[in-house]
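Novice: Take this structure first; my questions come after.
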Amino acid sequence: MKGRRLKYVVAGLLVAGALVGLIYSGVRDSMVYFYTPSEVTQKQAELGGKALRVGGMVVDGSVRWDPQNLLLTFQLTDGQGTVFVRHKGTAPDLFKEGAGAVVEGTWTPEGYVRASTIMAKHSEEYKPPTHPETLEDKKAVFQSILQEGKK
Amino acid sequence: MISTLGGFTLFLALGVTLYAAAASVLGARQGREDWLASSRNAVLAHFCLVTLAIFLLEYALVTSDFSLRYVANNSTRASLTRYKIAGLWGSLEGSILLWEWLQSLMAALVVARYSGGGGSEAPSGTRQLLPYVQAVLQGISAFFLILMAFGANPFARIFPVPPDGRGLNPLLEVTDMLIHPLLLYLGYVGFSVPYAFAMAALVTGRPTEEWLRITRRWTVVAWLFLTGGIFYGGWWSYRTLGWGGYWAWDPVENASFMPWLTGTAFIHSVMIQERKRMLKVWNLTLITLTFTLVIFGTFLTRSGILGSVHAFADGPVGMMFLAFLALVLFFSFGLVAYRSDQLKGHGELDSILSRESAFLLNNLVLVGICFTVFLGTIFPLLSEAVRGNKISVGTPYFNKVSVPLGMALLLLMGIGPLIAWGRASLNNLKRNFLKPGLAAVLGAALLYALGVRQVQVLVAFGLCFFVIGTIVFEFWVATRTRARMMGESVLAAFGTLLLKSRRRYGGLIVHLGVVIAILGIAVSSVYKVEREQTLKPGDRLSLGRYSVRFEGLAAGERPTHILVWANLQAFRDGRPLHELMPGQRFYPNQQSPFASVDARYHWSEDLYVILSAFERDGSSATIKVIVNPMISWIWIGGGVILLGVLVAVLPERRLALLALRAKAQVA
């Protein structure tokens, strides 16, 4: 009886041990530190090559898109510090100037974040727009390619 | 008007709920049948009141009554009526009202099922449990009503009244929004019934196997809805969200996955208790965990705590959820401790080579996965609390940890259903596992010969072949034996087999569905390829056997938005295949566009195209092409799971009749 119970305790410990090992190695290999743009500017020296996440507001007028090289560049700010971000690829839905975004990537020696993922954030609470836009206004933007197309 | 009426209705419902809970407990204590009857009526009245509240909010949503803050936030005049209706579960307050409505519906169903007239449905044991079951269910309802009354009022006013509302996020204005959340909520709420029975069994001092038998079907159906909700969510995300994936280990997804894991463990471990009368405390723990994880998931995703530890202190909702969680855990485990002398197991495990052990291991692995997902989800909170800086672990962590555990689960899925109870003899092992094991090795070797070199894929396929082997083997042997003994045709024997042991064979079909889905997950994640390129009209983008030619850009007006799309001609092996039209939708008052992806879906592989960016004069477009092999197997697997559960929960009476007829034939 005793011996049998011991066997199960040992088996249980083995399973638990494997689990802990798995979690430990998983955490160690995929830890990503979260910084604000101002923290990044202060701690530049210690960030080299590290995986990190930076969250802030996309600076108005900073977004550049180079379609030939698929290169997106912009700046993120928290009001105190600003960091440059380069991303190979397009922006996600909801990404826009003046709105929140979180980028994940690495800090390069050249002093910018090389983003692997961009996550856009949108606010939950509704504020009526200052200049309400209608479908007609949107239409005008795309006048050059608009057609009575069927899809 | 609606605001006042709605608020009043909810307060009244709260009063009725509390009365129903109190009357049922007092009635049971004092043996007063009239009080019990009155409490049952109160349960039904409570359901009617919450239904009225739902109608009021829906009326406000459909008629665009923007004097309600919730309507202004989740509805807009231009929306189609069905999306105005779906606004009910567009954000926190309405979701809680919907949840509470389903919760009250469950309580009413319990009354209807077990207390309705005839009494044949309710043996005396069930009758003793029911008052306490109702008390627990009404207690849960009371929590949601208090939440709405004091923290998340769906009928709150807004002033000044805006001329138009914001409407749902355009991403949510799709038919899927009408299905996916409802499935999930039904799953969540469904698990409260077995939980309530478990607690009632503890309170009344009857923590035997009775509550398991009564709630078996509830549990399986709740599991089906939760599973369906998760699969449907992945399918939705894949088809419409425009990133070519279906699962991102997002906290919202994890919140639905964690109770699924413990719920799945529960469904398996109850079989050991029914058969061996062991694991009583474990089963009570699992159902309590499942119920609390449902609440915890909602807390996690709705309180804003993941944004920052400090965010959730802003509103009372987070605190109320936390308090309720603490109460549930304290109450449940307190009861378990109080009844501990009645919860001693009757059996002992005889051997490590037995079905009990396989099931036990399966439980450990499922709960282990749940724990790792839990840890990964709250890791930023932990690190912020302990070390003051936020560290998150992303998709790599979840994949790295869950893949080996998933493989272990797959192996157990092959072993569990076939290994003998008690102690498996060498003969039993050889008879059941030699052929499936050979199939696994041969299958993996064949794939290796075909050029597959990724160890992960070979192992996954080997294990899948093993499980499929065991299932096919089991069906084949049983069908053949029956056909021989009864002199039936193979098809008839197969049919009666399914009907006679529908739990067992339904379960095996569910396993088959899981394996099919896992094959889809493994292959699509390892062999997915993608390429993004900016094209001028006439340019081609090639990816493997496929290529797409950009023919030009077009735009058109839609009822609620402007759609810009790229006309693409797809080719496979140089032959024209399909026209694809990925686009972007532009909504008024929304600065950034929403993707409108297009794809050629096929059982072997999907060709998936996204319009990522374009020049407004039509001179170029940036196109992303993804080839996702075998991804549709995931959805097919989901369908097979549904089929299996339906087999398992087929109505009993019809089957009893069939069994009788079969017996008559033998005699």
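If you're wondering about the labels, chains in the structure tokens are A, B, ... by order shown, residues count from 1 in each chain, ligands from 1 in order shown.
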Output the contact residues of chain B with respect to chain A at a cut-off of 8 Å, based on only C-alpha atoms, as a ChimeraX atom specification.
Specialist: /B:72-73,162,165-166,364,368,372,389-394,396-398,400-401,532-534,553-557,560-562,586-589,591-595,612-613,616-618,622
Novice: Please list as a PyMOL selection string every residue within 8 Å of A:Met57, counting only C-alpha atoms and excluding residues in the same chain fewer than 3 positions away.
Specialist: chain A and resi 76-78+97-101
Novice: Quick one: write out the picked residues with N, CA and C atoms as a compact mmCIF listing (two decimals), in the first residue's frame?
Specialist:
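New file selection-v2.txt:
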```
# COMPACT_ATOMS: atom_id res chain seq x y z
N LEU A 76 6.94 57.23 -31.73
CA LEU A 76 6.02 57.00 -30.61
C LEU A 76 6.42 57.93 -29.49
N THR A 77 5.45 58.48 -28.79
CA THR A 77 5.76 59.39 -27.70
C THR A 77 4.87 59.14 -26.50
N ASP A 78 5.39 59.50 -25.31
CA ASP A 78 4.52 59.50 -24.13
C ASP A 78 4.46 60.92 -23.55
N GLU A 97 -2.20 58.10 -36.79
CA GLU A 97 -1.51 59.17 -36.08
C GLU A 97 -2.40 59.71 -34.96
N GLY A 98 -1.78 59.97 -33.83
CA GLY A 98 -2.52 60.52 -32.70
C GLY A 98 -3.21 59.48 -31.86
N ALA A 99 -3.12 58.21 -32.26
CA ALA A 99 -3.76 57.15 -31.47
C ALA A 99 -2.69 56.29 -30.80
N GLY A 100 -3.12 55.48 -29.86
CA GLY A 100 -2.17 54.64 -29.14
C GLY A 100 -1.71 53.45 -29.97
N ALA A 101 -0.47 53.05 -29.74
CA ALA A 101 0.04 51.85 -30.40
C ALA A 101 1.10 51.22 -29.52
```
Novice: What's around stretch 277-293 of chain B at 9 Å? Count only C-alpha atoms, leave out sequence neighbours fewer than 6 positions away in its own chain, and write the answer as a ChimeraX atom specification.
Specialist: /B:188-189,191-192,194-195,198-199,207-209,255-256,258-263,265-266,269-270,325,328-329,332-333,336,340,343-349,367
Novice: Using the selection just defined, write its residues with C-alpha atoms as a compact mmCIF listing (two decimals), in the first residue's frame.
Specialist:
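See selection22.txt below for the written result:
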```txt
# COMPACT_ATOMS: atom_id res chain seq x y z
CA TYR B 188 -20.11 29.82 -19.74
CA VAL B 189 -23.56 29.89 -18.23
CA PHE B 191 -21.29 25.26 -16.49
CA SER B 192 -23.02 27.06 -13.63
CA PRO B 194 -23.26 21.38 -12.68
CA TYR B 195 -21.48 23.76 -10.31
CA ALA B 198 -22.13 20.11 -6.87
CA MET B 199 -22.57 22.75 -4.18
CA PRO B 207 -21.67 14.29 -2.19
CA THR B 208 -21.98 10.95 -3.94
CA GLU B 209 -22.15 10.23 -7.65
CA ALA B 255 -10.20 33.56 -20.97
CA SER B 256 -12.38 31.17 -22.95
CA MET B 258 -8.96 28.11 -19.53
CA PRO B 259 -12.46 27.01 -18.47
CA TRP B 260 -12.54 24.82 -21.57
CA LEU B 261 -9.44 22.99 -20.34
CA THR B 262 -10.74 22.39 -16.81
CA GLY B 263 -14.20 21.58 -18.18
CA ALA B 265 -10.73 17.52 -17.56
CA PHE B 266 -13.99 17.39 -15.58
CA SER B 269 -12.61 12.56 -14.50
CA VAL B 270 -16.31 12.13 -13.70
CA LEU B 325 -14.44 35.36 -7.00
CA VAL B 328 -17.11 31.66 -4.60
CA LEU B 329 -13.74 30.11 -3.82
CA SER B 332 -16.90 26.16 -2.44
CA PHE B 333 -13.73 24.98 -0.79
CA VAL B 336 -15.51 20.72 0.55
CA SER B 340 -14.29 16.12 3.94
CA LEU B 343 -15.47 12.65 0.49
CA LYS B 344 -13.04 9.85 1.14
CA GLY B 345 -12.48 7.77 -1.95
CA HIS B 346 -13.63 4.17 -2.03
CA GLY B 347 -11.19 2.87 -4.54
CA GLU B 348 -7.47 2.85 -4.97
CA LEU B 349 -5.49 2.88 -8.14
CA VAL B 367 -4.91 21.30 -15.73
```
Novice: Can you check which residues of chain A DSSP gives as strand (DSSP E) on the backbone and send them as JSON, numbers by chain?
Specialist: {"A": [31, 32, 33, 34, 35, 51, 52, 53, 54, 55, 56, 57, 58, 64, 65, 66, 71, 72, 73, 74, 75, 76, 77, 82, 83, 84, 85, 86, 87, 88, 100, 101, 102, 103, 104, 105, 106, 107, 113, 114, 115, 116, 117, 118, 119, 120]}
Novice: As an exercise, work out the distance from atom CA of B:Gln138 to atom CA of B:Glu210 in Å and give it to one decimal place.
Specialist: 21.7 Å
Novice: So how far away is atom CA of B:Leu178 from atom CA of A:Ala120, in Å?
Specialist: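 Going from atom CA of A:Ala120 over to atom CA of B:Leu178, I get 24.9 Å.
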Novice: Might you pull out every residue within 7 Å of A:Thr117, with only C-alpha atoms counted and same-chain residues fewer than 3 positions away left off, and present them as a list in words?
Specialist: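 Result of the neighbour search: Val103, Glu104 and Gly105 of chain A.
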Novice: I'd like the contact shell of stretch 183-185 of chain B - 8 Å cut-off, only C-alpha atoms, skipping same-chain residues fewer than 2 positions apart - returned as a ChimeraX atom specification.
Specialist: /B:99,102,179-181,187-189,225-226,228-230,256
Novice: Those same residues, written as a CSV table (one decimal), in the first residue's frame with N, CA and C atoms?
Specialist:
```csv
chain,number,residue,atom,x,y,z
B,99,TRP,N,-25.7,37.9,-20.1
B,99,TRP,CA,-25.3,36.8,-19.3
B,99,TRP,C,-26.3,36.5,-18.2
B,102,LEU,N,-29.3,34.8,-19.7
B,102,LEU,CA,-29.1,33.4,-19.9
B,102,LEU,C,-29.0,32.6,-18.6
B,179,ILE,N,-23.5,35.2,-33.7
B,179,ILE,CA,-23.4,33.8,-33.3
B,179,ILE,C,-22.3,33.5,-32.2
B,180,HIS,N,-21.1,33.9,-32.5
B,180,HIS,CA,-20.0,33.6,-31.7
B,180,HIS,C,-20.1,33.9,-30.2
B,181,PRO,N,-20.5,35.2,-29.9
B,181,PRO,CA,-20.6,35.5,-28.5
B,181,PRO,C,-21.7,34.7,-27.8
B,187,GLY,N,-22.1,28.5,-23.3
B,187,GLY,CA,-21.1,27.6,-22.7
B,187,GLY,C,-20.8,28.0,-21.2
B,188,TYR,N,-20.5,29.3,-21.1
B,188,TYR,CA,-20.1,29.8,-19.7
B,188,TYR,C,-21.2,29.6,-18.7
B,189,VAL,N,-22.4,30.0,-19.1
B,189,VAL,CA,-23.6,29.9,-18.2
B,189,VAL,C,-23.9,28.4,-18.0
B,225,PHE,N,-21.2,24.0,-26.3
B,225,PHE,CA,-21.3,25.4,-26.7
B,225,PHE,C,-20.0,26.1,-26.5
B,226,LEU,N,-19.3,25.8,-25.4
B,226,LEU,CA,-18.0,26.5,-25.3
B,226,LEU,C,-17.0,26.1,-26.4
B,228,GLY,N,-17.8,25.0,-29.3
B,228,GLY,CA,-18.3,25.6,-30.6
B,228,GLY,C,-17.9,27.1,-30.6
B,229,GLY,N,-18.1,27.8,-29.5
B,229,GLY,CA,-17.8,29.2,-29.4
B,229,GLY,C,-16.3,29.4,-29.7
B,230,ILE,N,-15.4,28.6,-29.2
B,230,ILE,CA,-14.0,28.8,-29.4
B,230,ILE,C,-13.6,28.6,-30.9
B,256,SER,N,-11.4,32.2,-22.6
B,256,SER,CA,-12.4,31.2,-22.9
B,256,SER,C,-11.7,29.8,-22.9
```
Novice: Expressed in Å to a single decimal, how great is the separation between atom CA of B:Gly318 and atom CA of B:Ser303?
Specialist: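 Here the two named atoms are 4.9 Å from each other.
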Novice: Could you find all residues in stretch 402-558 of chain B that DSSP calls helix (DSSP H, G or I) from the backbone, and write them as a PyMOL selection string?
Specialist: chain B and resi 402-415+426-449+455-486+490-500+502-527
Novice: Using only C-alpha atoms, determine which residues lie at most 7 Å from A:Phe84, disregarding the query and same-chain residues fewer than 6 positions distant; provide the list as number ranges by chain.
Specialist: A: 74-76, 112-113
Novice: With a distance cut-off of 9 Å and only C-alpha atoms, select the neighbouring residues of B:Leu458, excluding the residue or stretch itself and same-chain residues fewer than 2 positions from it, and output the selection as a ChimeraX atom specification.
Specialist: /B:443-445,447-448,452-456,460-463
Novice: Go ahead and write the selection's residues with C-alpha atoms as a PDB file, in the first residue's frame.
Specialist:
```
ATOM      1  CA  GLY B 443       2.802   6.634 -41.195  1.00  0.00           C
ATOM      2  CA  ALA B 444       5.606   8.756 -39.772  1.00  0.00           C
ATOM      3  CA  ALA B 445       8.183   6.758 -41.746  1.00  0.00           C
ATOM      4  CA  LEU B 447       6.098  11.051 -44.307  1.00  0.00           C
ATOM      5  CA  TYR B 448       9.850  10.995 -43.694  1.00  0.00           C
ATOM      6  CA  VAL B 452       9.105  15.735 -44.175  1.00  0.00           C
ATOM      7  CA  ARG B 453      11.989  16.536 -41.845  1.00  0.00           C
ATOM      8  CA  GLN B 454      10.476  18.694 -39.061  1.00  0.00           C
ATOM      9  CA  VAL B 455      10.532  16.557 -35.920  1.00  0.00           C
ATOM     10  CA  GLN B 456       7.490  18.354 -34.543  1.00  0.00           C
ATOM     11  CA  ALA B 460       2.384  15.118 -34.331  1.00  0.00           C
ATOM     12  CA  PHE B 461       1.457  13.034 -37.349  1.00  0.00           C
ATOM     13  CA  GLY B 462       2.711   9.831 -35.715  1.00  0.00           C
ATOM     14  CA  LEU B 463       0.568  10.474 -32.652  1.00  0.00           C
TER      15      LEU B 463
END
```
